[in-house]
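Reading through the structure tokens given below for one structure.
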Amino acid sequence: MAPRFALVTGAGSGIGRACAAVLAEDGHRVTLVGRRLALLEAAAAAIPGALAVAADLATDAGVGTVADAAPERLDVLVHAAGAFRYGPLAEMPTAAWRALDAVNLHAPFALTARCLPALRRAGGTVVFVNSTAALRGGPNAGAYAASKSALKAAADVLRQEVNPLGVRVLSIFPGRTDTPMQDEVLAAENRTVDRSTLLDPADVAAMIGAALRLPRRAEVTDITVRPTQPV
Ligand SMILES: NC(=O)c1ccc[n+]([C@@H]2O[C@H](COP(=O)([O-])OP(=O)(O)OC[C@H]3O[C@@H](n4cnc5c(N)ncnc54)[C@H](OP(=O)(O)O)[C@@H]3O)[C@@H](O)[C@H]2O)c1
């Protein structure tokens with residue numbers, strides 16, 4: 001069987017790291033992307049044949065670095081890199097909106113565009129790690145919710161544009177998941193929760209893995225997965 005290749009952004013921690021592990025277990029050679037090389041190398045150490053690429057996806061140069069490092073055939077492209085910003089919409093600085101949109105919205109599409117020829121060669125799948133905030137945002141998460149809602153809208157259009165090329169598009173909408181980003185959210189909310197009620201990153205990665213394992217004639221378009229207990 002021909003080798004299969006995957007590229008995962010945000011792969012140094014949380015959901016991205018869990019996705020990289022599942023993809024490797026399913027036989028992919030995985031490229032791990034994020035800004036902190038030490039985290040990527042630690043994740044890569046547990047994955048035979050994994051490659052770590054450090055880049056800031058909020059910049060054009062960073063997207064270029066990752067695109068240049070991507071394999072020529074790409075079976076799976078997972079966009080898990082993301083950022084959160086807490087605060088009421090009326091007080092959100094313009095620079096903060098732009099910074100969120102850069103990593104949550106523009107980077108995934110700029111990278112997908114650069115990787116599209118490689119995805120077409122493989123008949124690949126693009127996975128957007130979205131959020132339940134895209135479907136129903138709450139107070140103080142408006143800028144984040146807006147960036148993720150726009151990500152959903154763009155993914156829905158991309159699907160129509162690339163399905164005829166043999167490329168599948170999946171959006172997954174996780175609820176609160178036990179990751180460093182959720183630590184940041186809970187700290188901003190000044191809350192402590194029973195962490196066992198949160199999703200585990202492996203739960204989200206398992207859903208993505210299940211969708212990817214379907215034959216290519218079948219496309220899972222949207223998955224919502226959330227904690228059973230309200231958090
Ligand atoms: N945790 C939740 O409750 C939850 C719920 C729904 C959706 N999500 C989404 O899940 C995705 C993964 O988040 P997570 O919860 O797993 O948190 P996380 O562990 O903090 O992961 C976010 C990753 O994104 C990377 N990243 C951030 N900015 C970047 C940039 N400019 N360039 C390259 N990489 C960048 C970070 O690595 P570096 O800092 O090293 O770059 C980090 O590895 C995000 O899109 C998030 O919105 C999370």
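Here's how to read the names in the structure tokens: chain A, B, ... by the order shown, residue numbers from 1 in each chain, ligand numbers from 1 in the order shown.
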Expected answer as number ranges by chain: helix (DSSP H, G or I) residues in stretch 14-228 of chain A: A: 14-25, 37-45, 60-69, 89-91, 94-122, 132-134, 142-165, 180-189, 195-197, 201-213
Around ligand 1, out to 6 Å and counting only C-alpha atoms and all ligand atoms, which residues are there? I want them as a ChimeraX atom specification. /A:10-16,34-36,55-58,80-83,103,129-131,174-182
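Residues within 10 Å of stretch 41-51 of chain A, counting only C-alpha atoms and excluding same-chain residues fewer than 3 positions away, are Ala6, Leu7, Ala11, Gly12, Ser13, Arg17, Ala18, Ala20, Ala21, Val22, Leu23, Ala24, Glu25, His28, Arg29, Val30, Thr31, Leu32, Val33, Arg36, Leu37, Ala38, Ala54, Ala69 and Ala70 of chain A.
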Among the residues of stretch 15-225 of chain A, find those DSSP assigns to strand (DSSP E or B) from the backbone and print them as a ChimeraX atom specification. /A:28-34,51-54,76-79,125-129,168-174,177,199,222-225
Pick out the residues sitting within 9 Å of A:Arg168, and hand them over as number ranges by chain; count only C-alpha atoms, and ignore anything fewer than 5 positions along from it in its own chain. A: 123-127, 159, 162-163, 216, 218-221
How would the residues just chosen look if you wrote them out with C-alpha atoms as a compact mmCIF listing (two decimals), in the first residue's frame?
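Output saved as out27.txt:
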# COMPACT_ATOMS: atom_id res chain seq x y z
CA GLY A 123 -7.91 12.38 -2.76
CA GLY A 124 -7.42 13.84 0.68
CA THR A 125 -9.51 15.28 3.50
CA VAL A 126 -9.37 18.74 5.12
CA VAL A 127 -10.37 18.79 8.78
CA ARG A 159 -16.64 21.66 0.52
CA VAL A 162 -13.42 20.82 -3.71
CA ASN A 163 -15.74 17.81 -3.51
CA ARG A 216 -13.69 8.04 0.32
CA ALA A 218 -18.54 8.75 2.13
CA GLU A 219 -18.01 12.24 3.53
CA VAL A 220 -18.79 13.21 7.13
CA THR A 221 -19.38 16.95 6.92
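Of the listed residues (A:Leu199, A:Leu39, A:Leu212, A:Ala143), A:Ala143 comes nearest to A:Arg98; the distances count only C-alpha atoms.
If you measure from each of A:Ala141, A:Pro71, A:Gly62, A:Thr94 to A:Pro3 using only C-alpha atoms, the closest one turns out to be A:Pro71.
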With distances taken over only C-alpha atoms, which residue among A:Ala211, A:Leu186, A:Val225, A:Leu135 lies nearest A:Val76?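 Using only C-alpha atoms, A:Val76 sits closest to A:Ala211.
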